[in-house]
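All remarks here apply to the structure that follows.
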Amino acid sequence: MARKKIALVGAGQIGGTLALLAGLKELGDIVLFDIVEGVPQGKSLDIAEASPVEGFDARMAGANDFTGIAGADVVIVTAGVPRKPGMSRDDLIGINLKVMETVGAGIRDNCPDAFVICITNPLDAMVWALQKASGLPHGKVVGMAGVLDSARFRYFLAEEFDVSVEDVTAFVLGGHGDDMVPLIRYSTVAGIPLPDLIKMGWTTHEKLDAIVERTRKGGGEIVNLLKTGSAFYAPASSAIAMAESYLRDKKRVLPCAAYLDGEYDVKDMYVGVPVVIGEKGVERILEIEMSKDERTMFAKSVDSVKTLIEACKTVNPAFA
Ligand code: APR
């Protein structure tokens, strides 16, 4: 059986890490694409040269032309620019929206059957634009944010409880950013919900509130430390988990930015919700009951995403 093909559009910090992880996990042959000549070729050759040492078989290639991603089964998009000092949010949207237009067209023309995972920020708006620009079915285009946000939440909780990260599950809803909605009562240690762990004396409300706040600002914490870029290891790991669930039809339940068509009373928007990812892409959207407070937080998060989408439509009326 031929190997699957994974196209990584954007060969920067996240793109390179994605290529290494996809190789180590033998998910398939990998092509790195970028507008900068030499970078995707150099990174793919470097990783290929690690393959004999690590013992994985994957054909690695670099490309500056979209024909390089032809026939890809999975496309992970990190192409774009990060927000720089002095740049407004609308400036960033303007630049990355153009990138989504060219990348969307490249995907439509070369691999219309692919499962597409968008990572480029501002995530919930960019994945919406990428789906529109590519014309792929909504269930085949998703955004990566929730897996990363919940991984951060899980890591902080595991530290607090001094238990294995493997035994901590976490649940987050909403858009990527300060408005995300971590759901304490659906987050557990070995199945024991966090509110029960407070009763058991394992932690306090105050400590959990601080962890929730740190999770919401997790991206900024890394930016402040790195100073010259944003997080890339954990974002890459998170997107690879989504790609693996699709390629191996694992049907994992993962929080993703998914297209909502009435679910959670939201229409024509991408918002972070739990979904099942299998061979068909997004196979199911889990619609959970929310308390009044949770609904208020979720609505605030949805409003932030709406503002971003309106900004996209203003920048380029073709998206309206
Ligand atoms: N087509 C292809 N690649 C592009 C394009 C384009 N039109 N425009 C820019 N790129 C490439 C850049 O040349 C660069 O190599 O996208 C890459 C982005 O890489 P980095 O700047 O290293 O950014 P990275 O840390 O990988 O993050 C990528 O993910 O988390 C988000 O906010 C982050 O939007 C950013 C994205």
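Letters A, B, ... go to the chains of the structure tokens in the order shown; residues in each chain start at 1; ligands are counted from 1 in the same order.
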
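If one restricts the calculation to only C-alpha atoms and all ligand atoms, the set of residues situated within 7 Å of ligand 1 consists of Val9, Gly10, Ala11, Gly12, Gln13, Ile14, Gly15, Phe33, Asp34, Ile35, Val36, Thr78, Ala79, Gly80, Val81, Pro82, Val99, Thr102, Val103, Ile119, Thr120, Asn121, Pro122, Gly229, Ser230, Ala231, Phe232 and Pro235 of chain A.
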
Neighbouring residues of His138 in chain A were defined as those with any atom within 9 Å, considering only C-alpha atoms; residues of the same chain fewer than 2 positions away were excluded. Please report them as a CSV table (one decimal) with N, CA, C and O atoms, in the first residue's frame.
chain,number,residue,atom,x,y,z
A,131,GLN,N,-11.3,27.7,4.6
A,131,GLN,CA,-12.4,26.8,4.0
A,131,GLN,C,-13.0,27.5,2.9
A,131,GLN,O,-13.3,26.9,1.8
A,132,LYS,N,-13.3,28.8,3.0
A,132,LYS,CA,-14.0,29.5,1.9
A,132,LYS,C,-13.1,29.6,0.7
A,132,LYS,O,-13.6,29.4,-0.4
A,135,GLY,N,-12.8,26.0,-0.8
A,135,GLY,CA,-14.1,25.4,-1.3
A,135,GLY,C,-14.2,23.9,-0.8
A,135,GLY,O,-15.1,23.2,-1.3
A,136,LEU,N,-13.3,23.4,0.0
A,136,LEU,CA,-13.4,22.1,0.5
A,136,LEU,C,-14.6,21.9,1.4
A,136,LEU,O,-15.0,22.9,2.0
A,140,LYS,N,-13.9,18.8,6.3
A,140,LYS,CA,-12.6,18.4,5.9
A,140,LYS,C,-11.6,19.6,6.2
A,140,LYS,O,-10.4,19.5,5.9
A,141,VAL,N,-12.1,20.7,6.8
A,141,VAL,CA,-11.2,21.8,7.1
A,141,VAL,C,-11.4,22.1,8.6
A,141,VAL,O,-12.6,22.5,9.0
A,142,VAL,N,-10.4,22.0,9.4
A,142,VAL,CA,-10.5,22.3,10.9
A,142,VAL,C,-9.4,23.1,11.3
A,142,VAL,O,-8.3,23.2,10.7
A,258,ALA,N,-14.2,23.9,14.7
A,258,ALA,CA,-15.0,23.2,13.7
A,258,ALA,C,-16.1,24.1,13.2
A,258,ALA,O,-16.5,25.0,13.9
A,259,TYR,N,-16.5,23.8,12.0
A,259,TYR,CA,-17.6,24.6,11.4
A,259,TYR,C,-18.9,24.3,12.1
A,259,TYR,O,-19.4,23.2,12.1
A,260,LEU,N,-19.6,25.4,12.6
A,260,LEU,CA,-20.9,25.2,13.2
A,260,LEU,C,-22.0,25.7,12.3
A,260,LEU,O,-21.9,26.8,11.8
A,282,VAL,N,-14.2,15.5,10.2
A,282,VAL,CA,-15.0,15.8,11.4
A,282,VAL,C,-16.3,14.9,11.2
A,282,VAL,O,-17.2,15.2,10.4

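When only C-alpha atoms are used to compute distances to Asp179 in chain A, the closest of the residues A:Val271, A:Val276, A:Ala50, A:Leu27 turns out to be A:Val271.
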
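Proximity of A:Gly106, A:Pro85, A:Gly38, A:Pro274 to Asp65 in chain A, computed with only C-alpha atoms, is greatest for A:Gly106.
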
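Computed from the coordinates, the CA of Ala63 in chain A to CA of Pro112 in chain A distance equals 18.3 Å.
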
Original post:
Out of A:Thr228, A:Gly174, A:Thr67, A:Glu213, which residue has the shortest atom-to-atom distance to Tyr264 in chain A when counting only C-alpha atoms?
Top reply: A:Gly174

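In the backbone-derived DSSP annotation, strand (DSSP E) within range 45-122 of chain A comprises Met60, Ala61, Gly62, Ala63, Val74, Val75, Ile76, Val77, Phe115, Val116, Ile117 and Cys118 of chain A.
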
**OP:** as a PyMOL selection string, list the residues of range 105-307 of chain A assigned to alpha helix (DSSP H) by DSSP on the backbone atoms of this structure.
**Re:** chain A and resi 105-110+123-134+146-161+194-199+205-216+218-226+233-247+292-307

Which neighbours of Ala170 in chain A fall inside 7 Å, counting only C-alpha atoms, when residues of the same chain fewer than 3 positions from it are skipped, and could you give them as a CSV table (one decimal) with C-alpha atoms, in the first residue's frame?
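Saved file around-v2.csv follows:
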chain,number,residue,atom,x,y,z
A,150,SER,CA,-6.2,21.6,26.7
A,153,PHE,CA,-4.3,23.0,31.0
A,154,ARG,CA,-3.5,19.3,31.5
A,186,TYR,CA,-15.5,18.1,32.7
A,187,SER,CA,-11.8,18.0,33.5
A,188,THR,CA,-10.6,15.0,35.5

Can you pull out every residue within 10 Å of Met242 in chain A, counting only C-alpha atoms, but drop anything in the same chain fewer than 6 positions away, and send it as an mmCIF file with all heavy atoms, in the first residue's frame?
data_model
loop_
_atom_site.group_PDB
_atom_site.id
_atom_site.type_symbol
_atom_site.label_atom_id
_atom_site.label_comp_id
_atom_site.auth_asym_id
_atom_site.auth_seq_id
_atom_site.Cartn_x
_atom_site.Cartn_y
_atom_site.Cartn_z
ATOM 1 N N PHE A 115 -7.560 16.310 4.042
ATOM 2 C CA PHE A 115 -8.053 16.783 5.345
ATOM 3 C C PHE A 115 -7.118 17.926 5.726
ATOM 4 O O PHE A 115 -5.896 17.747 5.761
ATOM 5 C CB PHE A 115 -7.979 15.651 6.373
ATOM 6 C CG PHE A 115 -8.455 16.032 7.753
ATOM 7 C CD1 PHE A 115 -9.740 16.491 7.958
ATOM 8 C CD2 PHE A 115 -7.610 15.907 8.856
ATOM 9 C CE1 PHE A 115 -10.190 16.836 9.231
ATOM 10 C CE2 PHE A 115 -8.052 16.233 10.125
ATOM 11 C CZ PHE A 115 -9.355 16.697 10.314
ATOM 12 N N ILE A 117 -5.779 21.016 8.166
ATOM 13 C CA ILE A 117 -5.713 21.531 9.540
ATOM 14 C C ILE A 117 -5.024 22.893 9.501
ATOM 15 O O ILE A 117 -3.888 23.003 9.041
ATOM 16 C CB ILE A 117 -4.898 20.567 10.447
ATOM 17 C CG1 ILE A 117 -5.523 19.172 10.437
ATOM 18 C CG2 ILE A 117 -4.806 21.124 11.874
ATOM 19 C CD1 ILE A 117 -4.629 18.095 11.065
ATOM 20 N N VAL A 142 -10.402 21.995 9.419
ATOM 21 C CA VAL A 142 -10.534 22.278 10.858
ATOM 22 C C VAL A 142 -9.373 23.140 11.341
ATOM 23 O O VAL A 142 -8.340 23.235 10.678
ATOM 24 C CB VAL A 142 -10.543 20.988 11.724
ATOM 25 C CG1 VAL A 142 -11.827 20.222 11.576
ATOM 26 C CG2 VAL A 142 -9.339 20.128 11.448
ATOM 27 N N GLY A 143 -9.568 23.735 12.504
ATOM 28 C CA GLY A 143 -8.512 24.555 13.080
ATOM 29 C C GLY A 143 -7.952 23.902 14.338
ATOM 30 O O GLY A 143 -8.691 23.283 15.110
ATOM 31 N N MET A 144 -6.645 24.055 14.522
ATOM 32 C CA MET A 144 -5.996 23.505 15.714
ATOM 33 C C MET A 144 -5.861 24.602 16.764
ATOM 34 O O MET A 144 -5.183 25.592 16.527
ATOM 35 C CB MET A 144 -4.609 22.966 15.355
ATOM 36 C CG MET A 144 -3.897 22.216 16.464
ATOM 37 S SD MET A 144 -3.477 23.120 17.960
ATOM 38 C CE MET A 144 -2.269 24.284 17.345
ATOM 39 N N VAL A 147 -6.774 21.434 21.159
ATOM 40 C CA VAL A 147 -5.868 20.371 21.639
ATOM 41 C C VAL A 147 -4.690 21.018 22.368
ATOM 42 O O VAL A 147 -4.271 20.554 23.438
ATOM 43 C CB VAL A 147 -5.369 19.479 20.469
ATOM 44 C CG1 VAL A 147 -4.393 18.427 20.983
ATOM 45 C CG2 VAL A 147 -6.536 18.815 19.762
ATOM 46 N N LYS A 250 -8.777 6.899 13.947
ATOM 47 C CA LYS A 250 -8.835 6.578 15.385
ATOM 48 C C LYS A 250 -10.134 7.046 16.027
ATOM 49 O O LYS A 250 -10.495 6.588 17.095
ATOM 50 C CB LYS A 250 -7.632 7.216 16.110
ATOM 51 C CG LYS A 250 -6.335 6.439 15.882
ATOM 52 C CD LYS A 250 -5.132 7.200 16.426
ATOM 53 C CE LYS A 250 -5.071 7.248 17.926
ATOM 54 N NZ LYS A 250 -4.381 6.103 18.521
ATOM 55 N N LYS A 251 -10.791 7.996 15.397
ATOM 56 C CA LYS A 251 -12.036 8.559 15.946
ATOM 57 C C LYS A 251 -11.820 9.130 17.350
ATOM 58 O O LYS A 251 -12.619 8.903 18.262
ATOM 59 C CB LYS A 251 -13.166 7.519 15.927
ATOM 60 C CG LYS A 251 -13.455 6.988 14.525
ATOM 61 C CD LYS A 251 -14.766 6.263 14.440
ATOM 62 C CE LYS A 251 -14.885 5.437 13.167
ATOM 63 N NZ LYS A 251 -14.982 6.270 11.953
ATOM 64 N N ARG A 252 -10.713 9.837 17.498
ATOM 65 C CA ARG A 252 -10.462 10.486 18.785
ATOM 66 C C ARG A 252 -11.433 11.641 18.987
ATOM 67 O O ARG A 252 -11.885 12.269 18.030
ATOM 68 C CB ARG A 252 -9.019 11.014 18.841
ATOM 69 C CG ARG A 252 -8.002 9.891 18.915
ATOM 70 C CD ARG A 252 -6.690 10.390 19.419
ATOM 71 N NE ARG A 252 -6.822 10.937 20.778
ATOM 72 C CZ ARG A 252 -5.881 11.670 21.363
ATOM 73 N NH1 ARG A 252 -4.768 11.939 20.732
ATOM 74 N NH2 ARG A 252 -6.066 12.112 22.586
ATOM 75 N N VAL A 253 -11.757 11.908 20.241
ATOM 76 C CA VAL A 253 -12.612 13.043 20.580
ATOM 77 C C VAL A 253 -11.679 14.184 20.972
ATOM 78 O O VAL A 253 -11.019 14.130 22.013
ATOM 79 C CB VAL A 253 -13.559 12.700 21.750
ATOM 80 C CG1 VAL A 253 -14.474 13.887 22.055
ATOM 81 C CG2 VAL A 253 -14.387 11.461 21.419
ATOM 82 N N LEU A 254 -11.596 15.186 20.100
ATOM 83 C CA LEU A 254 -10.621 16.263 20.308
ATOM 84 C C LEU A 254 -11.291 17.622 20.182
ATOM 85 O O LEU A 254 -12.167 17.806 19.330
ATOM 86 C CB LEU A 254 -9.507 16.150 19.246
ATOM 87 C CG LEU A 254 -8.657 14.880 19.269
ATOM 88 C CD1 LEU A 254 -7.774 14.798 18.022
ATOM 89 C CD2 LEU A 254 -7.790 14.829 20.520
ATOM 90 N N PRO A 255 -10.895 18.566 21.004
ATOM 91 C CA PRO A 255 -11.454 19.917 20.837
ATOM 92 C C PRO A 255 -10.783 20.599 19.646
ATOM 93 O O PRO A 255 -9.554 20.722 19.610
ATOM 94 C CB PRO A 255 -11.096 20.612 22.158
ATOM 95 C CG PRO A 255 -9.938 19.863 22.713
ATOM 96 C CD PRO A 255 -9.908 18.488 22.108
ATOM 97 N N CYS A 256 -11.576 20.989 18.666
ATOM 98 C CA CYS A 256 -11.028 21.615 17.453
ATOM 99 C C CYS A 256 -11.893 22.803 17.081
ATOM 100 O O CYS A 256 -13.064 22.871 17.446
ATOM 101 C CB CYS A 256 -11.086 20.646 16.270
ATOM 102 S SG CYS A 256 -10.218 19.124 16.548
ATOM 103 N N VAL A 276 -15.405 14.429 16.829
ATOM 104 C CA VAL A 276 -14.796 13.117 16.563
ATOM 105 C C VAL A 276 -14.085 13.230 15.222
ATOM 106 O O VAL A 276 -14.701 13.604 14.216
ATOM 107 C CB VAL A 276 -15.877 12.018 16.502
ATOM 108 C CG1 VAL A 276 -15.246 10.681 16.116
ATOM 109 C CG2 VAL A 276 -16.600 11.912 17.843
ATOM 110 N N ILE A 277 -12.785 12.931 15.215
ATOM 111 C CA ILE A 277 -12.030 12.946 13.950
ATOM 112 C C ILE A 277 -11.712 11.520 13.531
ATOM 113 O O ILE A 277 -11.062 10.763 14.274
ATOM 114 C CB ILE A 277 -10.722 13.760 14.077
ATOM 115 C CG1 ILE A 277 -11.051 15.232 14.357
ATOM 116 C CG2 ILE A 277 -9.898 13.646 12.796
ATOM 117 C CD1 ILE A 277 -9.838 16.128 14.392
ATOM 118 N N GLY A 278 -12.209 11.156 12.346
ATOM 119 C CA GLY A 278 -11.950 9.837 11.784
ATOM 120 C C GLY A 278 -11.682 9.954 10.301
ATOM 121 O O GLY A 278 -11.403 11.053 9.800
ATOM 122 N N GLY A 281 -13.057 12.799 8.294
ATOM 123 C CA GLY A 281 -12.778 14.163 8.753
ATOM 124 C C GLY A 281 -13.499 14.392 10.067
ATOM 125 O O GLY A 281 -13.438 13.546 10.970
#

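Between Ser237 in chain A and the residues A:Ile47, A:Ala151, A:Val39, A:Met126, the shortest atom-to-atom distance, using only C-alpha atoms, involves A:Ala151.
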
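Counting only C-alpha atoms, the residue from A:Arg214, A:Leu286, A:Ala61, A:Gly28 that sits nearest to Ser44 in chain A is A:Ala61.
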
**OP:** Record the distance separating CA of Ile95 in chain A and CA of Val315 in chain A, expressed in Å with one decimal.
**Re:** 9.7 Å

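Between Asp73 in chain A and the candidates A:Glu166, A:Glu206, A:Asp29, A:Glu101, the tightest atom-to-atom separation, counting only C-alpha atoms, involves A:Asp29.
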
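From CA of Ala318 in chain A back to CA of Ala129 in chain A, the distance works out to 10.4 Å.
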
Can you tell me, as a compact mmCIF listing (two decimals) with N, CA and C atoms, in the first residue's frame, what residues are no more than 12 Å from Ile6 in chain A when counting only C-alpha atoms, ignoring any on the same chain fewer than 6 positions away?
# COMPACT_ATOMS: atom_id res chain seq x y z
N GLY A 15 6.24 24.39 11.15
CA GLY A 15 6.32 23.49 9.99
C GLY A 15 7.46 22.48 10.13
N LEU A 18 6.59 19.96 12.78
CA LEU A 18 5.57 19.03 12.25
C LEU A 18 6.23 17.95 11.40
N ALA A 19 7.18 18.37 10.56
CA ALA A 19 7.84 17.41 9.66
C ALA A 19 8.60 16.36 10.46
N LEU A 20 9.30 16.80 11.49
CA LEU A 20 10.06 15.86 12.32
C LEU A 20 9.11 14.88 13.02
N LEU A 21 8.04 15.41 13.61
CA LEU A 21 7.10 14.54 14.35
C LEU A 21 6.40 13.56 13.41
N ALA A 22 5.98 14.06 12.24
CA ALA A 22 5.28 13.18 11.28
C ALA A 22 6.23 12.08 10.81
N GLY A 23 7.52 12.43 10.67
CA GLY A 23 8.52 11.42 10.30
C GLY A 23 8.69 10.40 11.41
N GLU A 26 6.05 7.99 11.53
CA GLU A 26 5.83 7.30 10.24
C GLU A 26 4.39 7.48 9.76
N LEU A 27 3.93 8.73 9.75
CA LEU A 27 2.56 8.98 9.27
C LEU A 27 2.49 8.93 7.75
N GLY A 28 3.62 9.10 7.07
CA GLY A 28 3.61 9.06 5.61
C GLY A 28 4.80 9.81 5.04
N ASP A 29 4.76 10.03 3.72
CA ASP A 29 5.79 10.86 3.08
C ASP A 29 5.42 12.32 3.30
N ILE A 30 6.45 13.15 3.36
CA ILE A 30 6.21 14.53 3.80
C ILE A 30 6.77 15.53 2.80
N VAL A 31 5.95 16.54 2.46
CA VAL A 31 6.47 17.65 1.66
C VAL A 31 6.27 18.94 2.45
N LEU A 32 7.39 19.67 2.55
CA LEU A 32 7.35 20.99 3.20
C LEU A 32 7.27 22.04 2.10
N PHE A 33 6.33 22.98 2.24
CA PHE A 33 6.14 24.03 1.24
C PHE A 33 6.36 25.39 1.89
N ALA A 58 10.50 7.66 5.55
CA ALA A 58 9.57 8.65 5.00
C ALA A 58 10.33 9.41 3.92
N ARG A 59 9.67 9.57 2.77
CA ARG A 59 10.28 10.41 1.74
C ARG A 59 10.04 11.86 2.14
N MET A 60 11.10 12.66 2.15
CA MET A 60 10.97 14.05 2.56
C MET A 60 11.32 14.94 1.36
N ALA A 61 10.51 15.97 1.11
CA ALA A 61 10.81 16.87 0.00
C ALA A 61 10.44 18.30 0.38
N GLY A 62 11.07 19.25 -0.31
CA GLY A 62 10.74 20.66 -0.11
C GLY A 62 10.19 21.21 -1.41
N GLY A 68 3.81 20.80 -5.75
CA GLY A 68 4.49 19.90 -4.81
C GLY A 68 3.55 19.25 -3.80
N ILE A 69 2.39 19.87 -3.55
CA ILE A 69 1.48 19.28 -2.56
C ILE A 69 0.39 18.42 -3.22
N ALA A 70 0.55 18.19 -4.54
CA ALA A 70 -0.46 17.44 -5.30
C ALA A 70 -0.75 16.09 -4.66
N GLY A 71 -2.03 15.79 -4.53
CA GLY A 71 -2.44 14.47 -4.03
C GLY A 71 -2.26 14.27 -2.53
N ALA A 72 -1.98 15.33 -1.80
CA ALA A 72 -1.75 15.16 -0.35
C ALA A 72 -3.03 14.66 0.34
N ASP A 73 -2.84 13.78 1.32
CA ASP A 73 -3.97 13.27 2.11
C ASP A 73 -4.29 14.21 3.27
N VAL A 74 -3.24 14.82 3.80
CA VAL A 74 -3.41 15.77 4.91
C VAL A 74 -2.59 17.03 4.58
N VAL A 75 -3.16 18.19 4.83
CA VAL A 75 -2.42 19.44 4.68
C VAL A 75 -2.48 20.17 6.02
N ILE A 76 -1.33 20.56 6.53
CA ILE A 76 -1.32 21.36 7.76
C ILE A 76 -0.75 22.74 7.41
N VAL A 77 -1.53 23.77 7.70
CA VAL A 77 -1.19 25.12 7.25
C VAL A 77 -0.68 25.99 8.41
N CYS A 111 -5.02 19.29 -4.21
CA CYS A 111 -5.36 18.17 -3.32
C CYS A 111 -6.74 18.40 -2.69
N ALA A 114 -8.05 16.39 0.43
CA ALA A 114 -7.26 16.35 1.67
C ALA A 114 -8.08 16.72 2.90
N PHE A 115 -7.56 16.31 4.04
CA PHE A 115 -8.05 16.78 5.35
C PHE A 115 -7.12 17.93 5.73
N VAL A 116 -7.68 19.10 5.96
CA VAL A 116 -6.86 20.30 6.13
C VAL A 116 -6.95 20.81 7.58
N ILE A 117 -5.78 21.02 8.17
CA ILE A 117 -5.71 21.53 9.54
C ILE A 117 -5.02 22.89 9.50
N ILE A 240 -0.43 17.26 15.02
CA ILE A 240 -0.09 15.88 14.62
C ILE A 240 -1.11 14.90 15.22
N ALA A 243 -4.03 15.01 12.91
CA ALA A 243 -3.72 14.35 11.63
C ALA A 243 -3.71 12.83 11.80
N GLU A 244 -3.14 12.37 12.91
CA GLU A 244 -3.04 10.92 13.15
C GLU A 244 -4.43 10.31 13.32
N TYR A 246 -7.14 11.25 11.95
CA TYR A 246 -7.74 11.15 10.60
C TYR A 246 -7.10 10.01 9.81
N LEU A 247 -5.77 9.99 9.76
CA LEU A 247 -5.06 9.02 8.90
C LEU A 247 -5.26 7.58 9.38

Within 9 Å of range 291-298 of chain A: each range 142-258 of chain A residue with its shortest pair, only C-alpha atoms, as JSON lines:
{"residue": "A:Leu173", "atom": "CA", "partner": "A:Phe298", "partner_atom": "CA", "distance": 7.2}
{"residue": "A:Gly174", "atom": "CA", "partner": "A:Phe298", "partner_atom": "CA", "distance": 5.8}
{"residue": "A:Gly175", "atom": "CA", "partner": "A:Phe298", "partner_atom": "CA", "distance": 8.5}
{"residue": "A:Asp179", "atom": "CA", "partner": "A:Met297", "partner_atom": "CA", "distance": 7.3}
{"residue": "A:Met180", "atom": "CA", "partner": "A:Phe298", "partner_atom": "CA", "distance": 7.6}
{"residue": "A:Val181", "atom": "CA", "partner": "A:Phe298", "partner_atom": "CA", "distance": 6.4}
{"residue": "A:Leu183", "atom": "CA", "partner": "A:Glu294", "partner_atom": "CA", "distance": 7.8}
